[in-house]
Number of protein chains: 2
Amino acid sequence: MSFYTGRYSQSHGATWNGIPLKAGELTLGDFMRKQGLATWLVGKTHFYPDLSGIKRMGNGLDSPTGQLLQQCGFQIFDQMEGLYPEGPKGRYNPLKSTYEKYLNDLGYSGQNPWNDWANSAEGENGEVLEGWYMQHAHRPARVAEEHSETAYTTFRALEFLIQHSQSPWCLHLSYIKPHWPYIAPSPYHQLFRDLELPSATRSENELKNPHPIYEAFTKIRVSRAFSKKEVRDRVLPTYLGLVKQLDDHLGRLFQFMKDQGSFDQTLIVFTSDHGDYLGDHWLGEKDWFHEPSVKIPLIIRDPSSLANSSRGSRSKELVESIDLIPTFIEALGGSFSDHILEGQSLKPFLHSEATKPIRECAISEYDYSVAPISLLLNADPKKARIYMVATQRWKYIYTVGYRPVLFDLQEDPMELNDLGDDVGYSKIKSELNDQLLEWSLRHSQRITKSDSELISRRGCSEGLGIRIGFW
Amino acid sequence: MSFYTGRYSQSHGATWNGIPLKAGELTLGDFMRKQGLATWLVGKTHFYPDLSGIKRMGNGLDSPTGQLLQQCGFQIFDQMEGLYPEGPKGRYNPLKSTYEKYLNDLGYSGQNPWNDWANSAEGENGEVLEGWYMQHAHRPARVAEEHSETAYTTFRALEFLIQHSQSPWCLHLSYIKPHWPYIAPSPYHQLFRDLELPSATRSENELKNPHPIYEAFTKIRVSRAFSKKEVRDRVLPTYLGLVKQLDDHLGRLFQFMKDQGSFDQTLIVFTSDHGDYLGDHWLGEKDWFHEPSVKIPLIIRDPSSLANSSRGSRSKELVESIDLIPTFIEALGGSFSDHILEGQSLKPFLHSEATKPIRECAISEYDYSVAPISLLLNADPKKARIYMVATQRWKYIYTVGYRPVLFDLQEDPMELNDLGDDVGYSKIKSELNDQLLEWSLRHSQRITKSDSELISRRGCSEGLGIRIGFW
């Protein structure tokens, strides 16, 4: 939702899956439509509509605005919310996907072909082995590669490009994998198997005097599993295979765009909303603030010739997800409202025009009110909040009710030595605490007047007859 | 707007006159209507409609919801935005008030009778002397007392009570005075004149090494004026006269309610949205955090017999304006959503059932982006923010870009000795800074799901088929 709004999690409030973005928030679609671009979705978003907010504003849910608000501002080309599993208490998401019909039409039978074919393998005797169980990660999916979700999503993107070749668009193409269930179609399931892969970044030292929240994360099932060598050894090659599969399909997509003539008219951003620990720091999933979790990929191809000077280069800037919407607006020649959008445009970096760092510190935020550790910590939803402040040198984690965490990224780039309760670092912790305070006190909701509108009002009331303090 | 939303200024974003409350915020009217009460306005509010937000949500501005959103959730019985002056650049507020027609009909002639009669006096030769100029504050208004704005507002409230005697209501009865222009009708203009009145709370010590923002406040016209003895001596009796006038009219209102039989069915809250320095601390107006500015009156008459035990008593609790909506909801037998409303119900205090203090610290917030001092300080609207954290013992003021301010309310109850740069108080400043940080990091925008809804979802995804970390 921070990608979609250009605003911090604390500002938009949709801090976890299933928490709807409140109806008043502007989204990517609002900003792009203002620049003349229809804004479409192909793939996964995990947005949930704020039905009561939409109704409270007087909208019929079937009205065009009501529809758009329910769709997080996107026009829907094809929405695929990832695998739709079903458990004893029902289906995770009631939405029916075109991918399921596609699989059925191809002869992948059953009520839930996505689960049973694309995310399952087969045993020696033809038995179905669900990809939810990681011991099956080395087996190929039951679906042919060209029918897998990554292939299908690309196929739908190509259809979109064909249908929308005549007018400007913004496409949110959101691939589901790499992601659990960790299972890849042939040949990707085995490309990286039996190769020597990097070992997990972890040390026994991390488990001595651990921060209570970090410790809770190490105790949940997925972390316990990935802390075992055999689990990581089996899953990591599958994960890398899924990365390679995505890479190949993006190549296919870009080749199509080149053939179509759209490649050099299109700003392309490749990114992700989270990493995956895969056993680093004794963790699975993506819920604490080490680099494997928060340092997400961000590759931007700016077709402008002004970007030639930076093409192919890497940046160490402290970029945040909220920087993308401002970047898009500036790439389209517009200017953005910094009383609503909280990020910065990356255009100065793409065009090698930047004269100072984008920011002194990067913020990441996490709400564990619903996460598995909430049960272990018996967490109050009002206090189940953690915040990261990272500078080029330090990473500081603020937690409500517990001590802070501190890593020296220069001396300890692998983040194996938590200095959070080391009194020798009180001064730096205090400074980072102050940076967090200044951030948290920002005006995030003063969205109805721009800074320049406020400045223009200074000293004006007297001219309208308000004469205060005259004698 | 914090009174109207039950939320901190930083949460709702309407931090200054002329900054519309964003369309997504729930207001008093929303909460009261849910409890079965129509919610009406008689008097002043200074709300501004978020027209672009309302339109963006797909509302016609003329639709019932569109109307209500434009009126800050109130049904309008009579809106009077205070005096409507006119200057060389036009009229401060284009809204026409029924009070102006009322005055004209009574023979108070002219285009702007509110200004020319109710807020002006006459000189020895019958010349009109505007109340904007404080040297006229000792003179009676040109309007008869029974036609003054306080009398008229009471008259309209009585009409409301007569018309709405048959169904439950919530009335926001918002008197304009006491307020500048400091001018009172006879006999109130002279009731307190020539009496010995308390001298201003101020000392020369305050002007030595002053905090830069406080210093800027001392330099604006109204502060320079009130720092002169003759100005305060002339205005203070007028201000007290206006207080006494209001007191008398409220007595008239309550007597009417007793005669009508509504008095003992009605929860009555008397409060104000700000104080007035009137020369205390070398200041005029109400824009810094000393007690004369932030310690507003709050008198509650709860008709319930359960409140008999507290009747007539005073409380030293750290109450905030945002506590009123929760109090109203509980008085009506409802329960409130603490993921939206940020205050606490005062019912436990009214019913002598409270077992602990309402809060450890009270917060006050101020945005000086548009205020006169913004010009003196050449302030960046993003940084023109000040925050007060007050405990029973300390008052701490956080400012962006400047040192903090600290008062010891026990040793220095008059707040004459700013300890903000006294290194001897570093520990307490650090503690208060931490309290501000915890407050500022609260979830203020996670308004689409309640805490109990979040708790109920814990551990549920597995039952819906999401099986993470199984081996």
# chains A, B, ... in the order shown; residues from 1 in each chain; ligands from 1

call {"tool": "residues_around", "arguments": {"residues": "Ser335 of chain B", "least_positions_apart": "4", "cutoff": "10 Å", "atoms": "only C-alpha atoms", "output": "number ranges by chain"}}
result
B: 35, 326-331, 345

call {"tool": "residues_around", "arguments": {"residues": "Gly6 of chain B", "least_positions_apart": "3", "cutoff": "10 Å", "atoms": "only C-alpha atoms", "output": "list in words"}}
result
Met1, Ser2, Phe3, Ser9, Ser11, His12, Leu26, Thr27, Leu28, Phe31, Glu320, Ser321, Ile322, Asp323, Leu324, Ile325, Pro326, Asp338, Ile340, Leu341, Glu342, Gly343 and Gln344 of chain B

call {"tool": "select_by_dssp", "arguments": {"residues": "segment 116-224 of chain B", "states": "strand (DSSP E or B)", "output": "VMD selection string"}}
result
chain B and resid 120 to 122 128 to 130 133 140 169 to 174 184

call {"tool": "write_last_selection", "arguments": {"atoms": "N, CA, C and O atoms", "output": "PDB file, in the first residue's frame"}}
result
ATOM      1  N   SER B 120     -18.759  47.678  17.146  1.00  0.00           N
ATOM      2  CA  SER B 120     -18.228  49.036  17.121  1.00  0.00           C
ATOM      3  C   SER B 120     -18.831  49.837  18.272  1.00  0.00           C
ATOM      4  O   SER B 120     -19.889  49.478  18.806  1.00  0.00           O
ATOM      5  N   ALA B 121     -18.126  50.877  18.649  1.00  0.00           N
ATOM      6  CA  ALA B 121     -18.613  51.806  19.684  1.00  0.00           C
ATOM      7  C   ALA B 121     -18.825  53.172  19.028  1.00  0.00           C
ATOM      8  O   ALA B 121     -18.670  53.311  17.811  1.00  0.00           O
ATOM      9  N   GLU B 122     -19.189  54.121  19.833  1.00  0.00           N
ATOM     10  CA  GLU B 122     -19.363  55.483  19.304  1.00  0.00           C
ATOM     11  C   GLU B 122     -18.497  56.454  20.092  1.00  0.00           C
ATOM     12  O   GLU B 122     -18.340  56.311  21.307  1.00  0.00           O
ATOM     13  N   VAL B 128     -18.348  56.485  14.505  1.00  0.00           N
ATOM     14  CA  VAL B 128     -18.237  55.037  14.696  1.00  0.00           C
ATOM     15  C   VAL B 128     -16.780  54.674  14.977  1.00  0.00           C
ATOM     16  O   VAL B 128     -15.884  55.060  14.230  1.00  0.00           O
ATOM     17  N   LEU B 129     -16.571  53.957  16.069  1.00  0.00           N
ATOM     18  CA  LEU B 129     -15.221  53.544  16.467  1.00  0.00           C
ATOM     19  C   LEU B 129     -15.174  52.010  16.456  1.00  0.00           C
ATOM     20  O   LEU B 129     -15.798  51.360  17.290  1.00  0.00           O
ATOM     21  N   GLU B 130     -14.457  51.457  15.515  1.00  0.00           N
ATOM     22  CA  GLU B 130     -14.466  50.003  15.365  1.00  0.00           C
ATOM     23  C   GLU B 130     -13.812  49.293  16.550  1.00  0.00           C
ATOM     24  O   GLU B 130     -12.753  49.703  17.034  1.00  0.00           O
ATOM     25  N   TYR B 133     -10.018  48.153  17.132  1.00  0.00           N
ATOM     26  CA  TYR B 133      -8.964  48.984  17.722  1.00  0.00           C
ATOM     27  C   TYR B 133      -9.175  49.010  19.225  1.00  0.00           C
ATOM     28  O   TYR B 133     -10.184  49.500  19.730  1.00  0.00           O
ATOM     29  N   PRO B 140     -19.106  51.063  25.294  1.00  0.00           N
ATOM     30  CA  PRO B 140     -20.146  50.059  25.016  1.00  0.00           C
ATOM     31  C   PRO B 140     -20.318  49.866  23.507  1.00  0.00           C
ATOM     32  O   PRO B 140     -20.121  50.798  22.723  1.00  0.00           O
ATOM     33  N   TRP B 169     -31.491  14.834  20.409  1.00  0.00           N
ATOM     34  CA  TRP B 169     -30.579  15.629  19.597  1.00  0.00           C
ATOM     35  C   TRP B 169     -29.260  15.827  20.328  1.00  0.00           C
ATOM     36  O   TRP B 169     -29.154  15.648  21.531  1.00  0.00           O
ATOM     37  N   CYS B 170     -28.276  16.184  19.532  1.00  0.00           N
ATOM     38  CA  CYS B 170     -27.011  16.696  20.045  1.00  0.00           C
ATOM     39  C   CYS B 170     -26.854  18.083  19.444  1.00  0.00           C
ATOM     40  O   CYS B 170     -26.902  18.234  18.223  1.00  0.00           O
ATOM     41  N   LEU B 171     -26.720  19.089  20.280  1.00  0.00           N
ATOM     42  CA  LEU B 171     -26.576  20.455  19.777  1.00  0.00           C
ATOM     43  C   LEU B 171     -25.174  20.977  20.064  1.00  0.00           C
ATOM     44  O   LEU B 171     -24.719  20.962  21.212  1.00  0.00           O
ATOM     45  N   HIS B 172     -24.510  21.404  19.021  1.00  0.00           N
ATOM     46  CA  HIS B 172     -23.234  22.120  19.179  1.00  0.00           C
ATOM     47  C   HIS B 172     -23.578  23.599  19.173  1.00  0.00           C
ATOM     48  O   HIS B 172     -23.830  24.187  18.120  1.00  0.00           O
ATOM     49  N   LEU B 173     -23.650  24.164  20.372  1.00  0.00           N
ATOM     50  CA  LEU B 173     -24.008  25.573  20.529  1.00  0.00           C
ATOM     51  C   LEU B 173     -22.704  26.331  20.744  1.00  0.00           C
ATOM     52  O   LEU B 173     -22.081  26.219  21.804  1.00  0.00           O
ATOM     53  N   SER B 174     -22.304  27.055  19.734  1.00  0.00           N
ATOM     54  CA  SER B 174     -20.950  27.606  19.726  1.00  0.00           C
ATOM     55  C   SER B 174     -21.001  29.128  19.730  1.00  0.00           C
ATOM     56  O   SER B 174     -21.211  29.771  18.700  1.00  0.00           O
ATOM     57  N   ALA B 184     -17.873  45.006  24.322  1.00  0.00           N
ATOM     58  CA  ALA B 184     -19.026  44.408  24.995  1.00  0.00           C
ATOM     59  C   ALA B 184     -20.174  45.408  25.026  1.00  0.00           C
ATOM     60  O   ALA B 184     -19.941  46.619  25.102  1.00  0.00           O
TER      61      ALA B 184
END

call {"tool": "interface_residues", "arguments": {"of": "chain B", "to": "chain A", "cutoff": "7 Å", "atoms": "only C-alpha atoms", "output": "PyMOL selection string"}}
result
chain B and resi 10-14+19-20+22-24+50+57-59+65+85-92+132-135+221-222+225+369-372+381-382+437+440-441+443+445-446+448-449+451+454-455+457-459+462-471

call {"tool": "select_by_dssp", "arguments": {"residues": "segment 230-434 of chain B", "states": "alpha helix (DSSP H)", "output": "PyMOL selection string"}}
result
chain B and resi 230-260+291-294+324-331+347-350+373-377+426-434

call {"tool": "write_last_selection", "arguments": {"atoms": "C-alpha atoms", "output": "short mmCIF file (atom, residue, chain, number, x, y, z; two decimals), in the first residue's frame"}}
result
data_model
loop_
_atom_site.label_atom_id
_atom_site.label_comp_id
_atom_site.auth_asym_id
_atom_site.auth_seq_id
_atom_site.Cartn_x
_atom_site.Cartn_y
_atom_site.Cartn_z
CA GLU B 230 -2.68 50.44 29.34
CA VAL B 231 -3.83 47.94 26.74
CA ARG B 232 -4.33 45.12 29.19
CA ASP B 233 -6.00 47.47 31.68
CA ARG B 234 -8.47 48.53 29.04
CA VAL B 235 -9.19 45.13 27.47
CA LEU B 236 -9.25 42.80 30.49
CA PRO B 237 -12.42 44.32 32.02
CA THR B 238 -14.11 44.02 28.62
CA TYR B 239 -13.09 40.38 28.33
CA LEU B 240 -14.40 39.63 31.81
CA GLY B 241 -17.60 41.49 30.94
CA LEU B 242 -18.05 39.23 27.93
CA VAL B 243 -17.50 36.20 30.17
CA LYS B 244 -20.13 37.47 32.58
CA GLN B 245 -22.53 38.15 29.71
CA LEU B 246 -22.12 34.59 28.47
CA ASP B 247 -22.64 33.29 31.99
CA ASP B 248 -25.90 35.20 32.30
CA HIS B 249 -27.16 33.93 28.96
CA LEU B 250 -26.29 30.35 29.79
CA GLY B 251 -28.29 30.82 32.99
CA ARG B 252 -31.20 31.97 30.85
CA LEU B 253 -30.77 28.95 28.59
CA PHE B 254 -30.62 26.49 31.50
CA GLN B 255 -33.67 28.06 33.13
CA PHE B 256 -35.56 27.60 29.88
CA MET B 257 -34.49 23.96 29.77
CA LYS B 258 -35.64 23.46 33.35
CA ASP B 259 -39.01 25.00 32.51
CA GLN B 260 -39.19 22.89 29.37
CA GLU B 291 -1.62 27.45 30.87
CA PRO B 292 -3.54 30.64 29.91
CA SER B 293 -3.64 29.28 26.36
CA VAL B 294 -4.01 25.49 26.68
CA LEU B 324 -15.66 14.34 24.65
CA ILE B 325 -16.98 12.16 21.84
CA PRO B 326 -16.15 8.93 23.76
CA THR B 327 -17.86 10.47 26.80
CA PHE B 328 -20.97 11.26 24.78
CA ILE B 329 -21.11 7.77 23.29
CA GLU B 330 -20.81 6.14 26.70
CA ALA B 331 -23.38 8.51 28.20
CA LYS B 347 -17.70 8.65 32.40
CA PRO B 348 -15.58 6.83 35.02
CA PHE B 349 -14.65 10.22 36.46
CA LEU B 350 -18.19 11.60 36.31
CA ILE B 373 5.33 34.22 13.35
CA SER B 374 5.85 32.15 10.17
CA LEU B 375 6.94 35.37 8.46
CA LEU B 376 9.33 36.31 11.26
CA LEU B 377 10.90 32.85 11.28
CA SER B 426 18.55 16.26 30.50
CA LYS B 427 17.12 13.09 31.97
CA ILE B 428 13.58 14.40 32.37
CA LYS B 429 13.73 15.97 28.90
CA SER B 430 14.82 12.65 27.47
CA GLU B 431 11.98 10.85 29.23
CA LEU B 432 9.41 13.32 27.96
CA ASN B 433 10.91 13.07 24.50
CA ASP B 434 10.38 9.30 24.70
#

call {"tool": "closest_residue", "arguments": {"among": "B:Asn205, B:Ser313, B:Ser364, B:Ser148", "to": "Ser186 of chain B", "atoms": "only C-alpha atoms"}}
result
B:Ser148

call {"tool": "atom_distance", "arguments": {"atom1": "atom CA of Ser310 of chain B", "atom2": "atom CA of Arg393 of chain B"}}
result
24.4 Å
